[in-house]
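Shown next: input_0.txt, containing compact mmCIF, C-alpha atoms and all ligand atoms.
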```
# COMPACT_ATOMS: atom_id res chain seq x y z
CA GLY O 1 126.24 104.22 100.98
CA THR O 2 123.55 101.82 99.79
CA LYS O 3 122.60 102.22 96.13
CA LEU O 4 118.82 102.62 96.05
CA ILE O 5 115.96 102.93 93.57
CA ILE O 6 112.48 103.78 94.88
CA ASP O 7 109.38 102.62 92.98
CA THR O 8 106.49 104.69 94.25
CA ASP O 9 102.87 105.97 93.98
CA PRO O 10 102.90 109.24 95.98
CA GLY O 11 100.87 109.33 98.26
CA VAL O 12 101.58 111.21 101.49
CA ASP O 13 103.68 108.50 103.15
CA ASP O 14 105.49 107.93 99.82
CA ALA O 15 106.41 111.63 99.88
CA PHE O 16 107.87 111.15 103.36
CA ALA O 17 109.76 108.06 102.18
CA ILE O 18 111.20 109.80 99.11
CA ALA O 19 112.31 112.74 101.26
CA LEU O 20 113.94 110.35 103.74
CA ALA O 21 116.05 108.78 100.99
CA ALA O 22 116.67 112.07 99.15
CA LEU O 23 118.07 113.74 102.26
CA SER O 24 119.86 110.85 103.95
CA GLU O 25 123.63 110.76 103.75
CA ASP O 26 123.72 106.96 104.13
CA VAL O 27 122.26 106.34 100.70
CA ASP O 28 122.96 106.92 97.04
CA LEU O 29 119.51 107.47 95.47
CA LEU O 30 120.02 106.41 91.85
CA GLY O 31 116.50 106.98 90.58
CA VAL O 32 112.77 107.01 91.22
CA THR O 33 110.17 105.14 89.16
CA THR O 34 106.44 105.69 89.44
CA VAL O 35 103.37 103.47 89.35
CA PHE O 36 99.60 103.93 89.61
CA GLY O 37 98.29 103.37 93.12
CA ASN O 38 97.15 105.94 95.63
CA VAL O 39 96.09 108.09 92.65
CA GLY O 40 96.43 107.72 88.87
CA ILE O 41 99.81 107.56 87.15
CA ASP O 42 99.83 111.20 85.96
CA ALA O 43 99.42 112.42 89.52
CA THR O 44 101.86 109.97 91.12
CA THR O 45 104.54 110.94 88.57
CA ARG O 46 103.95 114.65 89.10
CA ASN O 47 104.03 114.22 92.87
CA ALA O 48 107.26 112.19 92.86
CA ARG O 49 109.01 114.82 90.74
CA ARG O 50 107.78 117.66 92.94
CA VAL O 51 108.90 116.00 96.16
CA LEU O 52 112.39 115.57 94.68
CA ALA O 53 112.33 119.24 93.61
CA LEU O 54 111.37 120.18 97.18
CA CYS O 55 114.42 118.25 98.41
CA LYS O 56 116.57 119.98 95.76
CA ARG O 57 117.37 116.63 94.15
CA GLY O 58 117.05 117.56 90.48
CA ASP O 59 119.98 115.19 89.92
CA VAL O 60 117.75 112.13 90.52
CA PRO O 61 116.18 110.74 87.30
CA VAL O 62 112.46 109.90 87.35
CA ALA O 63 110.64 107.58 84.90
CA GLU O 64 106.97 106.78 84.63
CA GLY O 65 105.73 103.20 84.95
CA ALA O 66 102.51 101.21 84.87
CA ALA O 67 99.12 102.91 84.72
CA ARG O 68 97.27 99.66 85.46
CA PRO O 69 97.80 96.36 87.23
CA LEU O 70 98.89 93.28 85.27
CA VAL O 71 95.48 91.60 85.15
CA HIS O 72 92.78 93.95 86.42
CA VAL O 73 91.80 96.41 83.73
CA HIS O 74 90.80 99.22 86.04
CA PRO O 75 93.11 100.51 88.73
CA HIS O 76 91.44 101.19 92.07
CA VAL O 77 92.88 104.26 93.74
CA ALA O 78 93.01 105.42 97.38
CA LYS O 79 91.81 109.01 97.13
CA TYR O 80 89.93 108.43 100.36
CA ALA O 81 93.24 108.34 102.24
CA HIS O 82 95.56 110.64 100.30
CA GLY O 83 93.20 113.29 98.85
CA LEU O 84 92.15 113.88 95.24
CA ASP O 85 95.67 114.74 94.04
CA GLY O 86 97.43 112.19 96.28
CA LEU O 87 98.85 114.84 98.61
CA SER O 88 95.80 116.09 100.57
CA GLY O 89 94.97 118.54 97.76
CA ARG O 90 98.23 120.40 98.48
CA SER O 91 100.50 119.18 95.65
CA ALA O 92 100.33 122.58 93.91
CA ALA O 93 102.17 124.11 96.88
CA LEU O 94 105.28 122.06 96.07
CA PRO O 95 107.90 123.46 93.67
CA GLU O 96 107.61 122.39 90.05
CA ALA O 97 110.25 119.96 88.81
CA GLU O 98 112.78 121.40 86.39
CA ARG O 99 114.39 118.13 85.40
CA PRO O 100 112.47 116.51 82.52
CA LEU O 101 110.98 113.07 82.92
CA GLU O 102 113.23 110.31 81.51
CA PRO O 103 112.18 109.45 77.94
CA GLY O 104 112.02 105.66 78.56
CA GLY O 105 109.59 104.16 81.03
CA ALA O 106 110.16 102.77 84.52
CA VAL O 107 111.38 99.35 83.38
CA TRP O 108 113.84 101.01 81.01
CA LEU O 109 115.23 103.27 83.78
CA LEU O 110 115.43 100.40 86.29
CA SER O 111 117.33 98.31 83.72
CA ARG O 112 119.69 101.12 82.82
CA LEU O 113 120.50 101.90 86.45
CA LEU O 114 121.05 98.21 87.31
CA GLU O 115 123.34 97.80 84.28
CA SER O 116 125.44 100.83 85.07
CA SER O 117 125.79 100.55 88.86
CA ASP O 118 129.19 99.35 90.08
CA GLU O 119 127.49 97.64 93.08
CA PRO O 120 124.27 95.62 93.47
CA VAL O 121 121.29 97.90 93.96
CA THR O 122 118.49 97.81 96.54
CA ILE O 123 115.00 98.40 95.14
CA ALA O 124 112.30 99.71 97.48
CA PRO O 125 108.83 99.25 95.96
CA ILE O 126 106.36 101.27 98.05
CA GLY O 127 103.34 101.00 95.75
CA PRO O 128 101.75 98.22 93.68
CA LEU O 129 104.42 95.80 92.38
CA THR O 130 103.54 96.03 88.68
CA ASN O 131 106.80 97.64 87.48
CA ILE O 132 109.00 95.31 89.51
CA ALA O 133 107.18 92.15 88.33
CA THR O 134 107.59 93.36 84.76
CA LEU O 135 111.29 94.05 85.29
CA LEU O 136 111.95 90.62 86.82
CA SER O 137 110.16 88.89 83.96
CA ALA O 138 111.70 90.98 81.18
CA ARG O 139 115.30 91.06 82.42
CA PRO O 140 116.37 87.81 84.12
CA ASP O 141 119.95 88.76 83.18
CA LEU O 142 119.75 91.61 85.71
CA HIS O 143 118.49 89.65 88.75
CA HIS O 144 122.02 89.27 90.14
CA ARG O 145 122.49 93.05 90.08
CA ILE O 146 119.66 93.52 92.60
CA ALA O 147 120.91 93.28 96.20
CA ARG O 148 117.46 93.16 97.84
CA ILE O 149 113.90 94.16 97.16
CA VAL O 150 112.42 95.84 100.25
CA VAL O 151 108.65 95.88 99.75
CA MET O 152 106.16 97.86 101.80
CA GLY O 153 103.11 95.66 101.73
CA GLY O 154 101.10 92.81 103.11
CA ALA O 155 99.24 92.09 106.29
CA LEU O 156 99.71 89.33 108.85
CA GLY O 157 96.44 90.17 110.58
CA HIS O 158 93.64 92.18 109.02
CA GLY O 159 94.11 94.29 105.90
CA ASN O 160 93.42 97.97 105.25
CA THR O 161 91.78 97.83 101.80
CA SER O 162 89.70 94.74 102.43
CA ALA O 163 89.37 92.63 105.54
CA ALA O 164 92.16 90.42 104.21
CA ALA O 165 94.36 92.59 102.02
CA GLU O 166 96.77 95.49 102.35
CA PHE O 167 96.54 98.18 99.64
CA ASN O 168 99.80 97.63 97.70
CA ILE O 169 99.30 93.88 97.40
CA TRP O 170 95.55 94.20 96.78
CA SER O 171 96.24 96.67 93.95
CA ASP O 172 98.15 94.07 91.92
CA PRO O 173 98.18 90.62 93.55
CA GLU O 174 99.57 88.84 90.46
CA ALA O 175 102.52 91.22 90.37
CA ALA O 176 103.09 90.79 94.11
CA GLN O 177 103.12 87.00 93.75
CA ARG O 178 105.55 87.31 90.80
CA VAL O 179 107.98 89.33 92.95
CA LEU O 180 107.58 87.66 96.36
CA GLY O 181 107.05 84.16 95.01
CA GLY O 182 109.70 84.21 92.27
CA GLY O 183 112.59 83.31 94.54
CA GLU O 184 115.11 85.01 92.24
CA VAL O 185 116.05 87.99 94.40
CA PRO O 186 116.08 88.21 98.23
CA CYS O 187 112.96 90.05 99.40
CA VAL O 188 112.08 91.84 102.62
CA LEU O 189 108.38 92.38 103.25
CA VAL O 190 107.42 95.23 105.58
CA PRO O 191 103.75 94.53 106.42
CA MET O 192 101.19 96.99 107.74
CA ASP O 193 101.14 95.25 111.13
CA LEU O 194 104.59 96.65 111.84
CA THR O 195 104.10 100.00 110.09
CA TYR O 196 100.99 100.62 112.22
CA ARG O 197 103.05 100.14 115.37
CA CYS O 198 105.46 102.80 114.02
CA ALA O 199 102.64 105.40 113.68
CA VAL O 200 103.66 108.98 114.47
CA GLY O 201 101.66 111.42 116.58
CA ARG O 202 101.16 115.14 117.03
CA GLU O 203 104.45 115.70 118.84
CA TRP O 204 106.49 114.03 116.07
CA LEU O 205 104.64 116.00 113.38
CA ASP O 206 105.16 119.28 115.23
CA ALA O 207 108.88 118.51 115.52
CA LEU O 208 109.02 117.78 111.78
CA ALA O 209 107.16 121.02 110.95
CA ALA O 210 109.64 123.00 113.06
CA SER O 211 112.73 121.29 111.60
CA GLY O 212 113.05 123.52 108.52
CA PRO O 213 111.45 124.29 105.15
CA VAL O 214 111.34 120.69 103.86
CA GLY O 215 109.86 119.41 107.12
CA ALA O 216 107.30 122.21 107.09
CA ALA O 217 106.35 121.50 103.45
CA LEU O 218 105.96 117.76 104.13
CA THR O 219 103.80 118.40 107.20
CA ALA O 220 101.59 120.67 105.07
CA LEU O 221 100.72 117.64 102.89
CA THR O 222 99.08 115.70 105.72
CA PRO O 223 95.55 117.06 106.50
CA ASP O 224 93.51 114.53 104.44
CA TYR O 225 95.84 111.70 105.42
CA LEU O 226 95.52 112.57 109.10
CA ALA O 227 91.73 112.66 108.77
CA HIS O 228 91.81 109.13 107.30
CA TYR O 229 94.14 107.81 109.99
CA ARG O 230 92.05 109.32 112.76
CA LYS O 231 89.45 106.76 111.66
CA ALA O 232 91.92 103.94 111.17
CA LEU O 233 93.86 104.47 114.41
CA GLY O 234 91.30 106.12 116.65
CA TRP O 235 93.75 108.85 117.67
CA ASP O 236 95.41 111.93 116.16
CA GLY O 237 98.33 110.41 114.31
CA MET O 238 99.27 108.82 111.00
CA VAL O 239 101.07 105.78 109.66
CA VAL O 240 104.16 106.48 107.55
CA HIS O 241 104.16 102.96 106.06
CA ASP O 242 106.53 103.65 103.17
CA ALA O 243 109.08 105.56 105.21
CA VAL O 244 109.42 102.54 107.54
CA ALA O 245 110.29 100.32 104.56
CA VAL O 246 112.72 102.88 103.11
CA ALA O 247 114.41 103.17 106.53
CA GLU O 248 115.16 99.44 106.31
CA ALA O 249 116.37 99.84 102.72
CA ILE O 250 118.78 102.58 103.84
CA ARG O 251 119.89 100.90 107.09
CA PRO O 252 119.64 97.11 106.71
CA GLY O 253 118.72 95.57 110.06
CA VAL O 254 116.85 98.57 111.45
CA LEU O 255 113.81 96.26 111.34
CA ARG O 256 113.99 92.76 112.81
CA THR O 257 112.97 90.18 110.22
CA GLU O 258 112.02 86.50 110.23
CA ALA O 259 112.58 84.25 107.19
CA VAL O 260 109.23 82.55 106.60
CA PRO O 261 107.23 81.22 103.64
CA VAL O 262 104.94 83.81 102.03
CA SER O 263 102.42 83.49 99.23
CA VAL O 264 99.89 85.90 97.78
CA GLU O 265 96.24 84.98 97.26
CA THR O 266 95.41 85.78 93.63
CA SER O 267 91.97 84.21 93.31
CA PHE O 268 88.96 86.51 92.88
CA GLY O 269 87.14 86.32 96.19
CA PRO O 270 87.16 87.80 99.67
CA ALA O 271 90.83 86.94 100.27
CA ARG O 272 92.19 88.38 97.00
CA GLY O 273 95.45 90.18 97.73
CA ALA O 274 95.99 88.57 101.13
CA THR O 275 99.54 87.63 102.06
CA VAL O 276 99.63 84.17 103.56
CA VAL O 277 102.60 84.25 105.94
CA ASP O 278 103.51 80.93 107.51
CA GLN O 279 104.47 81.77 111.08
CA ARG O 280 104.09 78.25 112.43
CA ARG O 281 107.05 76.70 114.25
CA PRO O 282 109.49 75.40 111.58
CA GLU O 283 109.20 71.87 113.00
CA LEU O 284 105.47 71.82 112.43
CA ARG O 285 105.82 73.43 109.02
CA ALA O 286 108.28 70.71 107.95
CA GLU O 287 106.02 67.95 109.19
CA THR O 288 102.99 69.12 107.26
CA GLU O 289 104.74 70.35 104.11
CA VAL O 290 102.24 70.92 101.27
CA PRO O 291 103.05 71.93 97.67
CA GLU O 292 101.36 75.30 98.14
CA GLY O 293 103.94 76.36 100.76
CA GLY O 294 105.25 79.82 99.86
CA ASN O 295 108.66 81.13 98.90
CA THR O 296 110.90 82.23 101.79
CA VAL O 297 110.77 85.98 102.40
CA ASN O 298 112.23 88.07 105.24
CA VAL O 299 109.17 89.50 106.96
CA ALA O 300 109.70 92.53 109.21
CA VAL O 301 108.14 91.86 112.59
CA ASP O 302 109.68 94.27 115.07
CA THR O 303 111.86 97.36 115.59
CA ASP O 304 113.06 99.74 118.27
CA LEU O 305 110.18 102.22 117.93
CA ASP O 306 111.88 105.22 119.56
CA MET O 307 115.03 104.75 117.53
CA LEU O 308 113.06 104.36 114.30
CA ARG O 309 110.95 107.50 114.88
CA ALA O 310 114.13 109.45 115.73
CA PHE O 311 115.81 108.23 112.53
CA LEU O 312 112.81 109.25 110.41
CA LEU O 313 112.76 112.69 111.99
CA GLU O 314 116.51 113.18 111.58
C1 LIG L 1 100.35 101.45 101.48
O1 LIG L 1 99.22 101.88 100.71
C2 LIG L 1 99.39 103.21 100.34
O2 LIG L 1 98.20 103.93 100.53
C3 LIG L 1 100.53 103.77 101.14
O3 LIG L 1 101.23 104.74 100.39
C4 LIG L 1 101.37 102.57 101.43
O4 LIG L 1 102.31 102.32 100.41
C5 LIG L 1 99.88 101.12 102.88
O5 LIG L 1 98.94 100.10 102.86
CA CA L 2 102.78 103.97 98.68
```

Render the structure in this file as structure tokens.
Ligand code: BDR
Ligand code: CA
Amino acid sequence: GTKLIIDTDPGVDDAFAIALAALSEDVDLLGVTTVFGNVGIDATTRNARRVLALCKRGDVPVAEGAARPLVHVHPHVAKYAHGLDGLSGRSAALPEAERPLEPGGAVWLLSRLLESSDEPVTIAPIGPLTNIATLLSARPDLHHRIARIVVMGGALGHGNTSAAAEFNIWSDPEAAQRVLGGGEVPCVLVPMDLTYRCAVGREWLDALAASGPVGAALTALTPDYLAHYRKALGWDGMVVHDAVAVAEAIRPGVLRTEAVPVSVETSFGPARGATVVDQRRPELRAETEVPEGGNTVNVAVDTDLDMLRAFLLE
């Protein structure tokens, strides 16, 4: 199966995404690295380790990464969506991790796993891109060992954190531009426009709750997240952004992508953190070519919704 490393800031949908990879037979989950994001780094690291313990995956190493973005001094967190502890205030109900945290940090673990894998590795960043930008800058010798970087982030239309920006990109725009704009490793961008269309409802959540102890424990983490998404969606459901991206990391092609130029707005103003995705017809793009044109990224635009929801549930 695909060799995979998840870089994450759990987060309710991160917890779903980690569980998806931890329990899927199609994938070889080599490690998990953590980053600040939905909550602070102490909480995201604790949550990641507990979700793996819930899935009985004490064999998967976890290392802690960045506590802050590259340029902004203060991280902004999303407690309004994920609850004070990142898991709707329910993280204490998860089993404690027995496996100790890796002694080196996230960039160290990523490097070690890339060096020792016999095949190129897919990295799925589902939080701010700080660790991955640092890795790409620090270890150019390892770029060729990365098969793809499948990023959950970005917005083609409106954002969710500001009018223009999606949370993961907004949280560290310079890091996002370093990864998406670097052109060193093929990137897939799974924007919120598509993840919103993959939202799950009451029936799906009930089916998950009834599927067994892990499904029941994951469903128990959702009350605050559901309350937030009731406002965002206008109906009783939630968006499992990160699980959609990890589904693509596990099963390449499950999302339909288009190769288009992408750049990240890094100036300090109302568009900070916006992803500028050039969806013009290629003929027009070529005619008007300007130096600011972005690097080509595979942007996920569509999927078979029923098939995807069934895969996530399974
Ligand atoms: C992204 O932001 C976080 O709140 C979610 O975990 C997801 O990674 C969606 O915009
Ligand atoms: Ca996340």

Check: Got a sec to check which residues lie within 9 Å of ligand LIG 1 (chain L), using only C-alpha atoms and all ligand atoms, and send them as a ChimeraX atom specification?
Finding: /O:8-15,37-38,77-79,81-82,125-128,152-155,159-161,165-169,191-192,195,239-243

Selected residues written out, C-alpha atoms, as a CSV table (one decimal), in the frame of the given file:
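What landed in out.csv:
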```
chain,number,residue,atom,x,y,z
O,8,THR,CA,106.5,104.7,94.2
O,9,ASP,CA,102.9,106.0,94.0
O,10,PRO,CA,102.9,109.2,96.0
O,11,GLY,CA,100.9,109.3,98.3
O,12,VAL,CA,101.6,111.2,101.5
O,13,ASP,CA,103.7,108.5,103.2
O,14,ASP,CA,105.5,107.9,99.8
O,15,ALA,CA,106.4,111.6,99.9
O,37,GLY,CA,98.3,103.4,93.1
O,38,ASN,CA,97.2,105.9,95.6
O,77,VAL,CA,92.9,104.3,93.7
O,78,ALA,CA,93.0,105.4,97.4
O,79,LYS,CA,91.8,109.0,97.1
O,81,ALA,CA,93.2,108.3,102.2
O,82,HIS,CA,95.6,110.6,100.3
O,125,PRO,CA,108.8,99.2,96.0
O,126,ILE,CA,106.4,101.3,98.0
O,127,GLY,CA,103.3,101.0,95.8
O,128,PRO,CA,101.8,98.2,93.7
O,152,MET,CA,106.2,97.9,101.8
O,153,GLY,CA,103.1,95.7,101.7
O,154,GLY,CA,101.1,92.8,103.1
O,155,ALA,CA,99.2,92.1,106.3
O,159,GLY,CA,94.1,94.3,105.9
O,160,ASN,CA,93.4,98.0,105.2
O,161,THR,CA,91.8,97.8,101.8
O,165,ALA,CA,94.4,92.6,102.0
O,166,GLU,CA,96.8,95.5,102.4
O,167,PHE,CA,96.5,98.2,99.6
O,168,ASN,CA,99.8,97.6,97.7
O,169,ILE,CA,99.3,93.9,97.4
O,191,PRO,CA,103.8,94.5,106.4
O,192,MET,CA,101.2,97.0,107.7
O,195,THR,CA,104.1,100.0,110.1
O,239,VAL,CA,101.1,105.8,109.7
O,240,VAL,CA,104.2,106.5,107.6
O,241,HIS,CA,104.2,103.0,106.1
O,242,ASP,CA,106.5,103.6,103.2
O,243,ALA,CA,109.1,105.6,105.2
```

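Our summary of the geometry notes that atom CA of Asp236 of chain O is positioned 18.3 Å from atom CA of Ala210 of chain O.
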
Check: Looking at all atoms listed in the file, which of O:Val107, O:Val299, O:Val246, O:Ala176 is the one that sits closest to ligand CA 2 (chain L)?
Finding: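 Answer, going by the shortest atom-to-atom distance: O:Val246.
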
Expected residue set, 8 Å radius at (122.2, 91.9, 95.9), all atoms listed in the file, as a PDB file with C-alpha atoms, in the coordinates of the input:
```pdb
ATOM      1  CA  PRO O 120     124.270  95.620  93.470  1.00  0.00           C
ATOM      2  CA  VAL O 121     121.290  97.900  93.960  1.00  0.00           C
ATOM      3  CA  THR O 122     118.490  97.810  96.540  1.00  0.00           C
ATOM      4  CA  HIS O 144     122.020  89.270  90.140  1.00  0.00           C
ATOM      5  CA  ARG O 145     122.490  93.050  90.080  1.00  0.00           C
ATOM      6  CA  ILE O 146     119.660  93.520  92.600  1.00  0.00           C
ATOM      7  CA  ALA O 147     120.910  93.280  96.200  1.00  0.00           C
ATOM      8  CA  ARG O 148     117.460  93.160  97.840  1.00  0.00           C
ATOM      9  CA  VAL O 185     116.050  87.990  94.400  1.00  0.00           C
ATOM     10  CA  PRO O 186     116.080  88.210  98.230  1.00  0.00           C
TER      11      PRO O 186
END
```

Note to self: Using Å and a single decimal, report how far atom CA of Ile5 of chain O sits from atom CA of Leu30 of chain O.
What the structure shows: 5.6 Å

Checklist line | Sphere at (102.9, 115.2, 102.6), radius 7 Å, counting all atoms listed in the file: residues as a list in words | finding: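 Residues satisfying the cut-off, written out: Val12, Asp13, Ala15, Phe16, Leu87, Leu218, Thr219, Ala220, Leu221 and Thr222 of chain O.
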
Those residues you just picked out, can you put them in a file as a compact mmCIF listing (two decimals), in the coordinates of the input with C-alpha atoms?
```txt
# COMPACT_ATOMS: atom_id res chain seq x y z
CA VAL O 12 101.58 111.21 101.49
CA ASP O 13 103.68 108.50 103.15
CA ALA O 15 106.41 111.63 99.88
CA PHE O 16 107.87 111.15 103.36
CA LEU O 87 98.85 114.84 98.61
CA LEU O 218 105.96 117.76 104.13
CA THR O 219 103.80 118.40 107.20
CA ALA O 220 101.59 120.67 105.07
CA LEU O 221 100.72 117.64 102.89
CA THR O 222 99.08 115.70 105.72
```

Note to self: Taking all atoms listed in the file into account, name the residue in O:Gly293, O:Gly58, O:Gly157, O:Val39 that is nearest to ligand CA 2 (chain L).
What the structure shows: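 Of O:Gly293, O:Gly58, O:Gly157, O:Val39, the one nearest ligand CA 2 (chain L), counting all atoms listed in the file, is O:Val39.
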
Item checked: One-decimal distance in Å that lies between atom CA of Val200 of chain O and atom CA of Ala43 of chain O -> 25.5 Å

When you look at Asp28 of chain O with a cut-off of 12 Å (counting all atoms listed in the file), what residues show up, excluding the ones that are within fewer than 4 positions of it in the same chain? I need them as a compact mmCIF listing (two decimals) with C-alpha atoms, in the frame of the given file.
```
# COMPACT_ATOMS: atom_id res chain seq x y z
CA GLY O 1 126.24 104.22 100.98
CA THR O 2 123.55 101.82 99.79
CA LYS O 3 122.60 102.22 96.13
CA LEU O 4 118.82 102.62 96.05
CA ILE O 5 115.96 102.93 93.57
CA ILE O 6 112.48 103.78 94.88
CA LEU O 20 113.94 110.35 103.74
CA ALA O 21 116.05 108.78 100.99
CA ALA O 22 116.67 112.07 99.15
CA LEU O 23 118.07 113.74 102.26
CA SER O 24 119.86 110.85 103.95
CA VAL O 32 112.77 107.01 91.22
CA ARG O 57 117.37 116.63 94.15
CA ASP O 59 119.98 115.19 89.92
CA VAL O 60 117.75 112.13 90.52
CA LEU O 113 120.50 101.90 86.45
CA SER O 117 125.79 100.55 88.86
CA GLU O 119 127.49 97.64 93.08
CA PRO O 120 124.27 95.62 93.47
CA VAL O 121 121.29 97.90 93.96
CA THR O 122 118.49 97.81 96.54
CA ILE O 123 115.00 98.40 95.14
CA ALA O 249 116.37 99.84 102.72
CA ILE O 250 118.78 102.58 103.84
```

Item checked: Selection near segment 258-264 of chain O, 6 Å with all atoms listed in the file, sequence-local residues under 5 positions removed, as an MDAnalysis selection string -> chainID O and resid 177 274:278 294:299

Next item on the list: Select, from O:Val51, O:Leu136, O:Val151, O:Ala63, the residue with the minimum atom-to-atom distance to ligand CA 2 (chain L), counting only C-alpha atoms and all ligand atoms.
Entry: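 The shortest atom-to-atom distance to ligand CA 2 (chain L) comes from O:Val151.
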
Checklist line | Pick from O:Val35, O:Ala217, O:Val244, O:Ala133, whichever lies nearest to Leu94 of chain O using all atoms listed in the file | finding: O:Ala217

Next item on the list: Would you list the contacts of Leu135 of chain O as a ChimeraX atom specification, taking every protein, DNA or RNA residue within 12 Å and counting only C-alpha atoms, but skipping same-chain residues closer than 6 positions in sequence?
Entry: /O:7,33,65-66,105-112,114,123,129,141-143,146,175,178-179,185

Checklist line | Which of O:Cys198, O:Ala17, O:Val71, O:Leu255 sits closest to Phe268 of chain O [using only C-alpha atoms] | finding: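 For Phe268 of chain O, the nearest of the given residues is O:Val71.
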
Notebook entry, point to check: So, counting all atoms listed in the file, which residue among O:Leu54, O:Leu226, O:Ala48, O:Leu84 is closest to ligand CA 2 (chain L)?
Noted result: O:Ala48

Check: Hey, what's within 8 Å of Leu70 of chain O if we count all atoms listed in the file and toss same-chain stuff fewer than 4 positions away? As JSON, numbers by chain, please?
Finding: {"O": [130, 172, 174, 175]}

Next item on the list: Tell me, as a list in words, which residues lie within 9 Å of Ala227 of chain O, counting all atoms listed in the file; anything in the same chain fewer than 2 positions away does not count.
Entry: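 Counting only the stated atoms, we get Ala81, Thr222, Pro223, Asp224, Tyr225, Tyr229, Arg230, Lys231, Asp236, Gly237 and Met238 of chain O.
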